[in-house]
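> Shown below is the structure under consideration.
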Amino acid sequence: MAHLRSRRRLALAVPVVLSLTASLGFLPSVASAAPAAGTVARAADGPNLAYVVNTRTDHRTIESVRREIVRNGGTVVAGYDRIGVIVAHSANPDFGARMRAVRGVDSAGATRTAPLSAAGTTEEGAAQVLSRAERTRLAASAAAGEEPLEADQWDLRAIGADRAARINPGSPNVTVGVIDTGVDDTHPDIAPNFSASQSANCVSGKADTTYGAWRPADADHYHGTHVAGEIAAARNGIGVAGVAPGVKVASITVAQPDSTSLFYPESVVCAFVFAADHGIEITNNSYYVDPWLYNCMDDPDQRAIVDAVNRAQLYAQRKGTLNVASAGNSNDDLDADAIVDDSSPDDSTAHTRTVDPHECFDVPTQLPGVVTVSAVGVKGAKSYYSSYGRGVVDVAGPGGDKYQIPDTPSKNGRILSTLPNNQYGFLQGTSMASPHVAAVAALLKSAHPHATPAELQALLKAQADNPGCPTEPYDGDGDGVVDATCAGGKRVNGFYGFGVVNALRAVK
């Protein structure tokens with residue numbers, strides 16, 4: 001799972017938001033005329049790819065564009081008329097260009113560079129699974145009132161979540177939607193708080209609500225189950241505890257079921273719309289949308305991806321959903337003048353390119369209104385892998401750091417949580433930081449049920465603890481080389497945004 005991770009962004013990142021909003025606000029059709037009458041495209045001249053076609057939202061335009069999709073060798077897979085996004089498949093190599101020339105189309109492009117076949121998450125390294133013997137040993141060290149494995153959950157104590165649970169564990173009327181690789185809702189720590197009625201599989205770009213469709217394809221798709229446990233593992237005397245053990249979690253599966261686990265745009269569009277339409281108050285997004293780490297607005301395919309996903313997440317915001325996302329594990333300065341991207345596209349042959357993060361966007365974390373989250377370790381310092389950026393990162397959360405060692409039984413600086421098949425394990429990444437923030441947002445929503453997404457975001461910032469920029473040069477891995485530079489002051493800065501979230505303050 002090369003692309004799972006923890007993301008970022010919010011209203012504070014004004015330069016990026018304004019740039020993105022301006023770019024998206026004037027997405028024109030490439031041309032005003034449709035292809036000449038009678039030119040029906042062949043549908044077998046090239047690889048069969050998926051596309052997003054973004055249009056005006058009036059009924060007449062949408063129906064006209066649907067007809068043009070078919071006439072140009074495409075098949076409509078799903079349509080989200082309220083946001084003007086149509087998901088289509090086509091083997092016509094000219095399909096994208098032809099659709100961009102159709103009247104009423106704002107943008108259109110391929111969502112992948114490889115043919116359709118039988119993701120991108122943000123954890124750093126593979127899961128370290130606890131053996132049965134280790135679980136038994138750890139349970140013996142649990143203090144009275146703790147979960148059996150809680151002694152190794154330094155992250156709960158770091159943000160006061162253990163004490164917060166005694167005051168207010170969160171409301172069952174609040175649901176966090178885990179947009180991810182799927183959640184094993186049969187896990188005994190997740191089952192008590194799982195909401196099946198708000199769960200679905202969106203891999204195809206169209207929601208499948210068949211019972212169990214939201215579960216991971218196999219045990220290797222463990223990322224979403226780990227995230228769900230961090231948010232809402234029940235305090236039931238079985239294993240670990242979540243930051244908000246009284247709220248509900250739902251699973252919206254978007255990862256391809258094969259070994260790539262890629263998160264394609266059409267799946268994510270489906271997920272945001274489904275979350276919004278099913279009353280999910282908060283979504284967690286510990287990934288970037290494949291196949292591009294950064295989507296550049298001067299490329300028509302990447303521009304269409306940004307447009308489609310942004311329409312969907314803005315729709316969710318308008319319906320009352322707060323979207324929280326991880327900042328990424330590349331140790332990139334997201335406010336830099338230039339970033340080297342050598343991993344895109346990740347579904348075919350990558351090539352090295354230099355991008356401007358103010359014009360080439362990490363999606364969904366750099367989209368307007370999305371809460372962007374960086375990661376810290378047990379010492380409260382930025383995790384060595386975490387991306388950062390002044391005006392981009394909103395808040396930080398515990399994501400783990402193998403170089404910051406806690407005084408716990410396992411001496412493991414990563415985050416312990418649930419895994420499929422009744423397992424537990426350690427992971428680190430901004431993927432792990434984002435669910436801590438989503439869970440604190442759920443506690444805030446429990447205390448302030450009428451708060452809007454913007455108000456929840458302001459509350460997240462207000463209750464955060466900001467350690468300020470480090471006084472010494474930052475050397476995250478201890479090799480004597482300066483790895484990153486923090487810009488800003490004590491109130492807000494590039495490493496932590498407004499600070500590390502605090503669950504205890506949230507419930508008080």
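So you can find residues: chains in the structure tokens are A, B, ... in the order shown, residues in each start at 1, and ligands are numbered from 1 in order.
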Identify, with DSSP run on backbone atoms, the residues in segment 98-226 of chain A assigned to strand (DSSP E or B), and express the list as number ranges by chain.
A: 105-110, 121-122, 128-129, 175-180, 194, 200-201, 208
> Produce a file of the selected residues containing C-alpha atoms, as a short mmCIF file (atom, residue, chain, number, x, y, z; two decimals), in the first residue's frame.

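Dumped everything to out_23.cif:
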data_model
loop_
_atom_site.label_atom_id
_atom_site.label_comp_id
_atom_site.auth_asym_id
_atom_site.auth_seq_id
_atom_site.Cartn_x
_atom_site.Cartn_y
_atom_site.Cartn_z
CA VAL A 105 -18.29 20.44 -20.13
CA ASP A 106 -16.08 22.38 -17.69
CA SER A 107 -13.28 19.79 -17.52
CA ALA A 108 -12.73 16.16 -18.42
CA GLY A 109 -9.83 13.76 -18.10
CA ALA A 110 -8.55 10.28 -17.42
CA THR A 121 -2.48 5.48 1.61
CA THR A 122 -0.16 7.26 3.97
CA GLN A 128 4.13 -4.62 13.12
CA VAL A 129 1.63 -7.20 14.38
CA THR A 175 -20.35 9.17 12.91
CA VAL A 176 -16.86 9.33 11.46
CA GLY A 177 -16.68 7.90 7.95
CA VAL A 178 -13.39 6.11 7.27
CA ILE A 179 -12.71 6.56 3.54
CA ASP A 180 -10.06 3.91 3.15
CA PHE A 194 -19.86 0.27 13.76
CA ALA A 200 -20.55 1.17 1.40
CA ASN A 201 -18.03 0.12 -1.22
CA ASP A 208 -22.45 -0.70 -3.36
#
> Using only C-alpha atoms, determine which residues lie at most 7 Å from segment 445-460 of chain A, disregarding the query and same-chain residues fewer than 3 positions distant; provide the list as a list in words.
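Contacts, with the query itself left out: Gly170, Ser171, Val174, Gln317, Gly320, Thr321, Leu322, Ala441, Ala442, Gln463, Ala464, Val501 and Val507 of chain A.
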> With only C-alpha atoms as the basis for distance, which of A:Lys206, A:Lys402, A:Lys490, A:Arg98 is at the shortest distance from Ala78 of chain A?
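Looking at the shortest contact to Ala78 of chain A, the residue is A:Lys206.
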> With a distance cut-off of 12 Å and only C-alpha atoms, select the neighbouring residues of Asn193 of chain A, excluding the residue or stretch itself and same-chain residues fewer than 6 positions from it, and output the selection as a PyMOL selection string.
chain A and resi 169-177+183-187+228-229+231-236+241-242+244-251
> Which residue out of A:Thr253, A:Ser330, A:Thr181, A:Asn493 has the minimum interatomic distance to Asp220 of chain A when only C-alpha atoms are used?
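Looking only at the distances to Asp220 of chain A, the closest residue turns out to be A:Thr181.
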> Residues within 7 Å of segment 468-474 of chain A, please, as a list in words. Count only C-alpha atoms; anything in the same chain fewer than 2 positions from it doesn't count.
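The contact residues come out as Asn466, Gly476, Val482, Asp483, Ala484, Thr485, Cys486, Gly489, Lys490 and Asn493 of chain A.
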> Env of Asp394 of chain A: 12 Å cut, atoms = only C-alpha atoms, seq-sep filter 5 positions within chain, self excluded. Answer as an MDAnalysis selection string.
chainID A and resid 7:14 324:327 365:366 368:375 388:389 434 437 457:462 464 466 491:501
> Please build the interface table for segment 151-220 of chain A against segment 407-424 of chain A with a cut-off of 10 Å, listing for each qualifying residue the nearest atom pair and the distance in Å to one decimal; count only C-alpha atoms, order rows by chain and increasing number, and write it as a Markdown table.

| residue | atom | partner | partner_atom | distance |
| --- | --- | --- | --- | --- |
| A:Ala151 | CA | A:Thr408 | CA | 6.4 |
| A:Asp152 | CA | A:Thr408 | CA | 5.5 |
| A:Gln153 | CA | A:Leu416 | CA | 6.1 |
| A:Trp154 | CA | A:Thr408 | CA | 7.2 |
| A:Asp155 | CA | A:Ile415 | CA | 7.0 |
| A:Leu156 | CA | A:Ile415 | CA | 9.7 |
| A:Gly182 | CA | A:Pro420 | CA | 9.8 |
| A:Val183 | CA | A:Pro420 | CA | 7.8 |
| A:Asp184 | CA | A:Pro420 | CA | 5.5 |
| A:Asp185 | CA | A:Pro420 | CA | 8.6 |
| A:Thr186 | CA | A:Asn421 | CA | 7.9 |
| A:His187 | CA | A:Asn422 | CA | 5.2 |
| A:Pro188 | CA | A:Asn422 | CA | 6.9 |
| A:Asp189 | CA | A:Thr418 | CA | 7.5 |
| A:Ile190 | CA | A:Thr418 | CA | 8.2 |
| A:Arg215 | CA | A:Pro420 | CA | 9.4 |
| A:Pro216 | CA | A:Pro420 | CA | 8.1 |
| A:Asp218 | CA | A:Pro420 | CA | 8.3 |
| A:Ala219 | CA | A:Pro420 | CA | 5.7 |
| A:Asp220 | CA | A:Pro420 | CA | 8.5 |
> Please measure the separation of atom CA of Asn284 of chain A and atom CA of Ala338 of chain A, giving the value in Å to one decimal.
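Taking atom CA of Asn284 of chain A and atom CA of Ala338 of chain A, their separation equals 27.6 Å.
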> Kindly indicate which residue among A:Tyr315, A:Tyr211, A:Phe361, A:Phe272 lies nearest to Tyr288 of chain A, using only C-alpha atoms for the distances.
A:Phe361
> Report, in Å to a single decimal, how far apart atom CA of Ile83 of chain A and atom CA of Cys296 of chain A are.
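About the pair atom CA of Cys296 of chain A and atom CA of Ile83 of chain A: they are 21.5 Å apart.
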